[in-house]
Amino acid sequence: MSSLAALAAVLLLSGCGKGETQEQGGGGRRRGPQGPPQVGFVVIQPTSVPITTELAGRTTAYESSEVRPQVSGVIYRRFFTEGALVRQGQPLYQIDPSLYRAATNQAQANLASAAASAEAARIKADRYKPLADIEAVAKQDYTDALAQARQAQAAVAQNRAALDTARVNLRFTTVPAPITGRIGRSLYTVGALVTTNQADPLATIQRLDPMYVDIQQSSADLLRLRRELASGGHTPANAEVRLKLEDGSDYGYAGTVEFSEVVVSPTTGTVTLRARFANPQGELLPGMFVRATFAQSIDNNAFLIPQPAVSRDPKGNATVFIVGPGNKALQRSVTATRAIGTNWVVTSGLSRGDKVIVQGVGKTLPNQVVRPVPASQPERVGPPQGRGQGQGKTATGQKPG
């Protein structure tokens, strides 16, 4: 009898525990639906955002000059080291001056001869003048003597010009540097014959500090920019340019846009913008390909939206949720083509004062009623219910008997 009584007690306790567990589980399943999800929002206001553009560019020397001979002859000497820095006016080549020195001496002698003839003709004319006045000689003889004196004076001027030309040609036998810059390799050596009309230069000098960067922008983008500036919604930006070099590194100096071409290339459909950069270390070399980033205008009606608030559909279109009437989450299509820091720049689709949902976007559905709170306010999560807080209650809130 005692063993039967103990077995009955165990079965009774087991049945009571199971019933209590089923009531708790059933009560949890029968609990009423939870309230609307809590989301965080921000009230947006338009702000000024620079419209940055990244374009391809190519470096160009600030100044470039080809060293060419202005007289013909054999190169006698070379005065520079290839690749060195040369100064304007510095002698670079010496062309054999023998013929030109002789021509100068000849021109100088011709000038002296013409001057002597002119002096004799002048004296003869001066002597004929009083004799012609008293009719001691024919007046025609005086006229002829005066004409010869003037012709002799003109011959003096001609020979003086020839002497100047000979001296210039003699000076041209020393070929100077036309600009200050870095000189390249010499295309002609000592002993080579050079002429005034040859196709190749003797050498090329390039000034590399500062340096130009020619940037190519499509004419369509430039036209759109000008229309935006004309509409008043955009204002011109400070044309500061940053460079990214061929190895992906950033160039340490900022440049400025100097000017824009007034013609469109018929082959590429682009307009060339020229920027100027300091190049004290010579890091930029002519012909390098670079990427230029700069702001062409400032959008005064753009919105900065935190990136978690913007979603993309399968087609890549950007959408956001805003808090609408009745605390409904309304989905809006927006234009967000670029980012600044942690924010997307939205240029259309939103209005001043819209409440954009930035927290809890993943649990938000279109037209769903939500419980909006400011995004700066932390989300309040209630503590879990204890054993004495509604445990064992049914859907009607009554405890089991």
# chains A, B, ... in the order shown; residues from 1 in each chain; ligands from 1
$ residues_around --residues "Gly324 (chain A)" --least-positions-apart "6" --cutoff "9 Å" --atoms "only C-alpha atoms" --output "ChimeraX atom specification"
/A:330,354-355,367
$ residues_around --residues "Thr52 (chain A)" --least-positions-apart "2" --cutoff "6 Å" --atoms "only C-alpha atoms" --output "VMD selection string"
chain A and resid 50 294 to 295
$ write_last_selection --atoms "C-alpha atoms" --output "short mmCIF file (atom, residue, chain, number, x, y, z; two decimals), in the first residue's frame"
data_model
loop_
_atom_site.label_atom_id
_atom_site.label_comp_id
_atom_site.auth_asym_id
_atom_site.auth_seq_id
_atom_site.Cartn_x
_atom_site.Cartn_y
_atom_site.Cartn_z
CA PRO A 50 30.19 70.82 -53.30
CA PHE A 294 37.79 69.07 -58.00
CA ALA A 295 34.54 70.87 -57.20
#
$ select_by_dssp --residues "region 72-290 of chain A" --states "strand (DSSP E)" --output "PyMOL selection string"
chain A and resi 73-78+85-86+91-95+174-176+181-183+193-194+203-218+234-236+240-244+255-260+270-277+289-290
$ write_last_selection --atoms "C-alpha atoms" --output "compact mmCIF listing (two decimals), in the first residue's frame"
# COMPACT_ATOMS: atom_id res chain seq x y z
CA GLY A 73 77.45 75.32 -89.87
CA VAL A 74 79.29 72.57 -88.07
CA ILE A 75 78.86 72.22 -84.31
CA TYR A 76 82.17 73.18 -82.78
CA ARG A 77 81.46 72.68 -79.06
CA ARG A 78 78.69 71.71 -76.61
CA LEU A 85 69.08 72.66 -65.37
CA VAL A 86 70.00 75.49 -67.74
CA PRO A 91 75.39 79.13 -74.09
CA LEU A 92 74.50 75.61 -75.21
CA TYR A 93 76.28 75.06 -78.55
CA GLN A 94 79.05 76.73 -80.49
CA ILE A 95 78.78 76.59 -84.28
CA THR A 174 76.66 80.68 -80.12
CA VAL A 175 73.28 78.99 -79.48
CA PRO A 176 71.82 80.15 -76.13
CA GLY A 181 64.39 74.73 -67.47
CA ARG A 182 65.51 71.13 -67.66
CA ILE A 183 67.24 70.28 -70.92
CA LEU A 193 76.32 69.84 -89.69
CA VAL A 194 73.22 71.83 -88.76
CA ALA A 203 67.61 69.74 -77.92
CA THR A 204 64.42 70.52 -75.96
CA ILE A 205 64.14 72.54 -72.75
CA GLN A 206 61.12 72.17 -70.46
CA ARG A 207 60.18 74.14 -67.39
CA LEU A 208 58.74 71.68 -64.86
CA ASP A 209 57.92 73.96 -61.92
CA PRO A 210 55.09 74.82 -61.98
CA MET A 211 53.39 72.15 -64.08
CA TYR A 212 50.18 72.09 -66.12
CA VAL A 213 47.60 69.28 -66.04
CA ASP A 214 45.21 69.16 -68.99
CA ILE A 215 41.87 67.68 -67.88
CA GLN A 216 39.32 66.33 -70.34
CA GLN A 217 35.62 66.90 -69.56
CA SER A 218 32.75 65.92 -71.82
CA HIS A 234 24.21 76.14 -57.90
CA THR A 235 26.99 78.60 -57.23
CA PRO A 236 30.57 78.47 -58.57
CA GLU A 240 40.94 73.71 -56.23
CA VAL A 241 42.15 70.48 -57.82
CA ARG A 242 43.61 67.38 -56.20
CA LEU A 243 45.59 64.77 -58.10
CA LYS A 244 45.88 61.01 -57.85
CA GLY A 255 46.31 73.06 -57.93
CA THR A 256 43.93 75.60 -59.40
CA VAL A 257 42.04 75.65 -62.68
CA GLU A 258 43.55 78.31 -64.92
CA PHE A 259 41.12 78.32 -67.85
CA SER A 260 38.81 76.26 -70.02
CA THR A 270 35.55 66.86 -74.78
CA VAL A 271 36.67 70.26 -73.56
CA THR A 272 40.13 70.75 -72.08
CA LEU A 273 40.46 72.33 -68.65
CA ARG A 274 43.99 73.37 -67.66
CA ALA A 275 45.09 73.32 -64.02
CA ARG A 276 48.35 74.59 -62.57
CA PHE A 277 50.33 72.74 -59.87
CA PHE A 289 48.41 60.23 -66.76
CA VAL A 290 46.65 61.35 -63.56
$ residues_around --residues "Val39 (chain A)" --least-positions-apart "2" --cutoff "9 Å" --atoms "only C-alpha atoms" --output "PyMOL selection string"
chain A and resi 37+41+357-361+363-364+370-375+379
$ residues_around --residues "Ser311 (chain A)" --least-positions-apart "6" --cutoff "8 Å" --atoms "only C-alpha atoms" --output "count of residues only"
3
$ closest_residue --among "A:Gln368, A:Ser186, A:Asn279, A:Asn301" --to "Ser348 (chain A)" --atoms "only C-alpha atoms"
A:Asn301
$ closest_residue --among "A:Ala199, A:Ala121, A:Ile134, A:Ala336" --to "Ala147 (chain A)" --atoms "only C-alpha atoms"
A:Ala121
$ closest_residue --among "A:Ala152, A:Leu365, A:Ala125, A:Leu304" --to "Lys139 (chain A)" --atoms "only C-alpha atoms"
A:Ala125
$ atom_distance --atom1 "CA of Asp250 (chain A)" --atom2 "CA of Gly83 (chain A)"
26.5 Å
$ select_by_dssp --residues "region 113-330 of chain A" --states "alpha helix (DSSP H)" --output "ChimeraX atom specification"
/A:113-133,139-172,219-231
$ decode --residues "region 312-323 of chain A" --atoms "all heavy atoms" --output "PDB file, in the first residue's frame"
ATOM      1  N   ARG A 312      18.776  50.229 -51.742  1.00  0.00           N
ATOM      2  CA  ARG A 312      18.833  50.091 -53.203  1.00  0.00           C
ATOM      3  C   ARG A 312      17.968  48.918 -53.622  1.00  0.00           C
ATOM      4  O   ARG A 312      18.003  47.839 -53.016  1.00  0.00           O
ATOM      5  CB  ARG A 312      20.266  49.851 -53.673  1.00  0.00           C
ATOM      6  CG  ARG A 312      21.231  50.969 -53.329  1.00  0.00           C
ATOM      7  CD  ARG A 312      21.147  52.116 -54.292  1.00  0.00           C
ATOM      8  NE  ARG A 312      22.053  53.208 -53.917  1.00  0.00           N
ATOM      9  CZ  ARG A 312      22.230  54.296 -54.630  1.00  0.00           C
ATOM     10  NH1 ARG A 312      21.556  54.444 -55.768  1.00  0.00           N
ATOM     11  NH2 ARG A 312      23.043  55.242 -54.234  1.00  0.00           N
ATOM     12  N   ASP A 313      17.164  49.138 -54.680  1.00  0.00           N
ATOM     13  CA  ASP A 313      16.377  48.046 -55.224  1.00  0.00           C
ATOM     14  C   ASP A 313      17.237  47.240 -56.200  1.00  0.00           C
ATOM     15  O   ASP A 313      18.390  47.602 -56.473  1.00  0.00           O
ATOM     16  CB  ASP A 313      15.103  48.575 -55.892  1.00  0.00           C
ATOM     17  CG  ASP A 313      15.403  49.520 -57.056  1.00  0.00           C
ATOM     18  OD1 ASP A 313      16.562  49.526 -57.538  1.00  0.00           O
ATOM     19  OD2 ASP A 313      14.494  50.251 -57.484  1.00  0.00           O
ATOM     20  N   PRO A 314      16.733  46.138 -56.733  1.00  0.00           N
ATOM     21  CA  PRO A 314      17.546  45.323 -57.645  1.00  0.00           C
ATOM     22  C   PRO A 314      18.063  46.083 -58.861  1.00  0.00           C
ATOM     23  O   PRO A 314      19.067  45.701 -59.457  1.00  0.00           O
ATOM     24  CB  PRO A 314      16.598  44.188 -58.039  1.00  0.00           C
ATOM     25  CG  PRO A 314      15.665  44.059 -56.892  1.00  0.00           C
ATOM     26  CD  PRO A 314      15.461  45.449 -56.383  1.00  0.00           C
ATOM     27  N   LYS A 315      17.395  47.167 -59.246  1.00  0.00           N
ATOM     28  CA  LYS A 315      17.857  47.964 -60.373  1.00  0.00           C
ATOM     29  C   LYS A 315      18.867  49.032 -59.978  1.00  0.00           C
ATOM     30  O   LYS A 315      19.353  49.773 -60.832  1.00  0.00           O
ATOM     31  CB  LYS A 315      16.664  48.621 -61.070  1.00  0.00           C
ATOM     32  CG  LYS A 315      15.696  47.631 -61.708  1.00  0.00           C
ATOM     33  CD  LYS A 315      14.581  48.360 -62.423  1.00  0.00           C
ATOM     34  CE  LYS A 315      13.614  47.382 -63.091  1.00  0.00           C
ATOM     35  NZ  LYS A 315      12.520  48.084 -63.804  1.00  0.00           N
ATOM     36  N   GLY A 316      19.161  49.125 -58.689  1.00  0.00           N
ATOM     37  CA  GLY A 316      20.124  50.115 -58.225  1.00  0.00           C
ATOM     38  C   GLY A 316      19.515  51.450 -57.871  1.00  0.00           C
ATOM     39  O   GLY A 316      20.251  52.383 -57.541  1.00  0.00           O
ATOM     40  N   ASN A 317      18.192  51.593 -57.919  1.00  0.00           N
ATOM     41  CA  ASN A 317      17.550  52.861 -57.574  1.00  0.00           C
ATOM     42  C   ASN A 317      17.546  53.052 -56.060  1.00  0.00           C
ATOM     43  O   ASN A 317      17.295  52.108 -55.305  1.00  0.00           O
ATOM     44  CB  ASN A 317      16.121  52.894 -58.113  1.00  0.00           C
ATOM     45  CG  ASN A 317      16.073  52.776 -59.625  1.00  0.00           C
ATOM     46  OD1 ASN A 317      16.913  53.361 -60.323  1.00  0.00           O
ATOM     47  ND2 ASN A 317      15.127  52.007 -60.150  1.00  0.00           N
ATOM     48  N   ALA A 318      17.797  54.269 -55.628  1.00  0.00           N
ATOM     49  CA  ALA A 318      17.874  54.573 -54.205  1.00  0.00           C
ATOM     50  C   ALA A 318      16.495  54.912 -53.656  1.00  0.00           C
ATOM     51  O   ALA A 318      15.706  55.606 -54.301  1.00  0.00           O
ATOM     52  CB  ALA A 318      18.833  55.732 -53.961  1.00  0.00           C
ATOM     53  N   THR A 319      16.199  54.402 -52.448  1.00  0.00           N
ATOM     54  CA  THR A 319      14.936  54.683 -51.762  1.00  0.00           C
ATOM     55  C   THR A 319      15.220  54.951 -50.297  1.00  0.00           C
ATOM     56  O   THR A 319      16.205  54.462 -49.734  1.00  0.00           O
ATOM     57  CB  THR A 319      13.951  53.510 -51.888  1.00  0.00           C
ATOM     58  OG1 THR A 319      14.536  52.338 -51.300  1.00  0.00           O
ATOM     59  CG2 THR A 319      13.590  53.233 -53.341  1.00  0.00           C
ATOM     60  N   VAL A 320      14.328  55.730 -49.666  1.00  0.00           N
ATOM     61  CA  VAL A 320      14.384  55.977 -48.228  1.00  0.00           C
ATOM     62  C   VAL A 320      12.970  55.875 -47.672  1.00  0.00           C
ATOM     63  O   VAL A 320      11.971  55.951 -48.420  1.00  0.00           O
ATOM     64  CB  VAL A 320      14.974  57.372 -47.911  1.00  0.00           C
ATOM     65  CG1 VAL A 320      16.403  57.479 -48.401  1.00  0.00           C
ATOM     66  CG2 VAL A 320      14.122  58.478 -48.504  1.00  0.00           C
ATOM     67  N   PHE A 321      12.870  55.699 -46.367  1.00  0.00           N
ATOM     68  CA  PHE A 321      11.586  55.725 -45.670  1.00  0.00           C
ATOM     69  C   PHE A 321      11.478  57.036 -44.918  1.00  0.00           C
ATOM     70  O   PHE A 321      12.434  57.478 -44.269  1.00  0.00           O
ATOM     71  CB  PHE A 321      11.468  54.560 -44.682  1.00  0.00           C
ATOM     72  CG  PHE A 321      11.164  53.239 -45.325  1.00  0.00           C
ATOM     73  CD1 PHE A 321      12.160  52.286 -45.475  1.00  0.00           C
ATOM     74  CD2 PHE A 321       9.883  52.957 -45.769  1.00  0.00           C
ATOM     75  CE1 PHE A 321      11.877  51.064 -46.070  1.00  0.00           C
ATOM     76  CE2 PHE A 321       9.594  51.728 -46.367  1.00  0.00           C
ATOM     77  CZ  PHE A 321      10.583  50.783 -46.518  1.00  0.00           C
ATOM     78  N   ILE A 322      10.299  57.651 -44.998  1.00  0.00           N
ATOM     79  CA  ILE A 322      10.021  58.847 -44.213  1.00  0.00           C
ATOM     80  C   ILE A 322       8.780  58.590 -43.368  1.00  0.00           C
ATOM     81  O   ILE A 322       7.952  57.721 -43.688  1.00  0.00           O
ATOM     82  CB  ILE A 322       9.820  60.085 -45.111  1.00  0.00           C
ATOM     83  CG1 ILE A 322       8.543  59.945 -45.949  1.00  0.00           C
ATOM     84  CG2 ILE A 322      11.038  60.344 -45.981  1.00  0.00           C
ATOM     85  CD1 ILE A 322       8.160  61.221 -46.674  1.00  0.00           C
ATOM     86  N   VAL A 323       8.674  59.327 -42.296  1.00  0.00           N
ATOM     87  CA  VAL A 323       7.520  59.215 -41.416  1.00  0.00           C
ATOM     88  C   VAL A 323       6.407  60.086 -41.992  1.00  0.00           C
ATOM     89  O   VAL A 323       6.536  61.311 -42.059  1.00  0.00           O
ATOM     90  CB  VAL A 323       7.865  59.634 -39.988  1.00  0.00           C
ATOM     91  CG1 VAL A 323       6.624  59.531 -39.097  1.00  0.00           C
ATOM     92  CG2 VAL A 323       9.001  58.777 -39.442  1.00  0.00           C
TER      93      VAL A 323
END
